[in-house]
Amino acid sequence: MRDCSPCARSLILKHSLILEATNLSYRIAFSRISLSHLQAFTARDQKIIRDALIEQLSYEPTVPTRNRKEMRPNLLAVWELRIGEFRVYYDVEEEELIVDIRAIGIKEGNQVRIGGEIVEL
């Protein structure tokens, strides 16, 4: 385990990443593919994304805000989080209190690039 911030820690388990912050309701879990999306960014961008995920999704990840919205039906995820030009797509498992990060991309004009490919949502 290594500290991401004074109040959070990261666990890397079988090619996935789980962010846990002390006394927080929801755990943030990265799938193998979303972890590879995150690792494609610079270390600085990764820190910006991780910090925003903890701040924005640790409590009430299913409450719409200015930067968080429920998406139209699609195959990727139910929710989208805007972090500047970055987009994080996630689902929430309410019973287990887990935010499942499905994909991380970057907004380019009217398109989103995820894993090096333009994705239609």
# chains A, B, ... in the order shown; residues from 1 in each chain; ligands from 1
>>> residues_around(residues="Val92 in chain A", least_positions_apart="4", cutoff="9 Å", atoms="only C-alpha atoms", output="PyMOL selection string")
chain A and resi 61-62+78-79+96-101
>>> select_by_dssp(residues="chain A", states="helix (DSSP H, G or I)", output="list in words")
Arg32, Ile33, Ser34, Leu35, Ser36, His37, Leu38, Gln39, Ala43, Arg44, Asp45, Gln46, Lys47, Ile48, Ile49, Arg50, Asp51, Ala52, Leu53, Ile54, Glu55, Gln56 and Leu57 of chain A
>>> write_last_selection(atoms="N, CA and C atoms", output="compact mmCIF listing (two decimals), in the first residue's frame")
# COMPACT_ATOMS: atom_id res chain seq x y z
N ARG A 32 -9.34 -3.78 -14.85
CA ARG A 32 -8.03 -3.90 -15.50
C ARG A 32 -7.91 -2.91 -16.67
N ILE A 33 -8.98 -2.81 -17.47
CA ILE A 33 -8.93 -1.93 -18.65
C ILE A 33 -8.91 -0.46 -18.23
N SER A 34 -9.71 -0.10 -17.23
CA SER A 34 -9.72 1.30 -16.81
C SER A 34 -8.41 1.69 -16.15
N LEU A 35 -7.76 0.75 -15.49
CA LEU A 35 -6.45 1.00 -14.92
C LEU A 35 -5.44 1.28 -16.03
N SER A 36 -5.53 0.56 -17.14
CA SER A 36 -4.63 0.84 -18.27
C SER A 36 -4.93 2.20 -18.88
N HIS A 37 -6.21 2.60 -18.90
CA HIS A 37 -6.55 3.95 -19.38
C HIS A 37 -5.89 5.00 -18.49
N LEU A 38 -5.97 4.81 -17.17
CA LEU A 38 -5.38 5.76 -16.23
C LEU A 38 -3.87 5.83 -16.41
N GLN A 39 -3.23 4.68 -16.57
CA GLN A 39 -1.77 4.65 -16.67
C GLN A 39 -1.25 5.25 -17.98
N ALA A 43 1.96 11.25 -15.01
CA ALA A 43 1.84 11.10 -13.56
C ALA A 43 1.04 12.25 -12.97
N ARG A 44 1.26 13.43 -13.48
CA ARG A 44 0.51 14.61 -13.00
C ARG A 44 -0.98 14.45 -13.25
N ASP A 45 -1.35 14.05 -14.48
CA ASP A 45 -2.75 13.84 -14.82
C ASP A 45 -3.37 12.71 -14.01
N GLN A 46 -2.61 11.65 -13.77
CA GLN A 46 -3.11 10.54 -12.95
C GLN A 46 -3.46 11.02 -11.55
N LYS A 47 -2.61 11.86 -10.98
CA LYS A 47 -2.87 12.38 -9.64
C LYS A 47 -4.11 13.26 -9.64
N ILE A 48 -4.28 14.10 -10.64
CA ILE A 48 -5.46 14.95 -10.75
C ILE A 48 -6.72 14.08 -10.80
N ILE A 49 -6.68 13.03 -11.61
CA ILE A 49 -7.84 12.14 -11.76
C ILE A 49 -8.11 11.39 -10.47
N ARG A 50 -7.08 10.79 -9.86
CA ARG A 50 -7.28 10.04 -8.61
C ARG A 50 -7.84 10.93 -7.51
N ASP A 51 -7.27 12.12 -7.35
CA ASP A 51 -7.73 13.03 -6.31
C ASP A 51 -9.19 13.44 -6.54
N ALA A 52 -9.55 13.72 -7.78
CA ALA A 52 -10.93 14.09 -8.10
C ALA A 52 -11.89 12.93 -7.87
N LEU A 53 -11.45 11.72 -8.19
CA LEU A 53 -12.31 10.56 -7.96
C LEU A 53 -12.63 10.41 -6.47
N ILE A 54 -11.63 10.55 -5.63
CA ILE A 54 -11.85 10.43 -4.19
C ILE A 54 -12.77 11.55 -3.71
N GLU A 55 -12.51 12.76 -4.16
CA GLU A 55 -13.31 13.90 -3.73
C GLU A 55 -14.76 13.81 -4.22
N GLN A 56 -14.94 13.41 -5.48
CA GLN A 56 -16.26 13.46 -6.11
C GLN A 56 -17.11 12.20 -5.92
N LEU A 57 -16.47 11.03 -5.78
CA LEU A 57 -17.24 9.79 -5.81
C LEU A 57 -17.26 9.02 -4.49
>>> closest_residue(among="A:Gly109, A:Thr42, A:Ala29, A:Tyr90", to="Asn74 in chain A", atoms="only C-alpha atoms")
A:Tyr90
>>> closest_residue(among="A:Glu70, A:Ile83, A:Leu75, A:Val63", to="Leu121 in chain A", atoms="only C-alpha atoms")
A:Leu75
>>> atom_distance(atom1="CA of Gly116 in chain A", atom2="CA of Ala40 in chain A")
9.1 Å
>>> closest_residue(among="A:Ser31, A:Thr65, A:Val112, A:Lys107", to="Asp91 in chain A", atoms="only C-alpha atoms")
A:Ser31
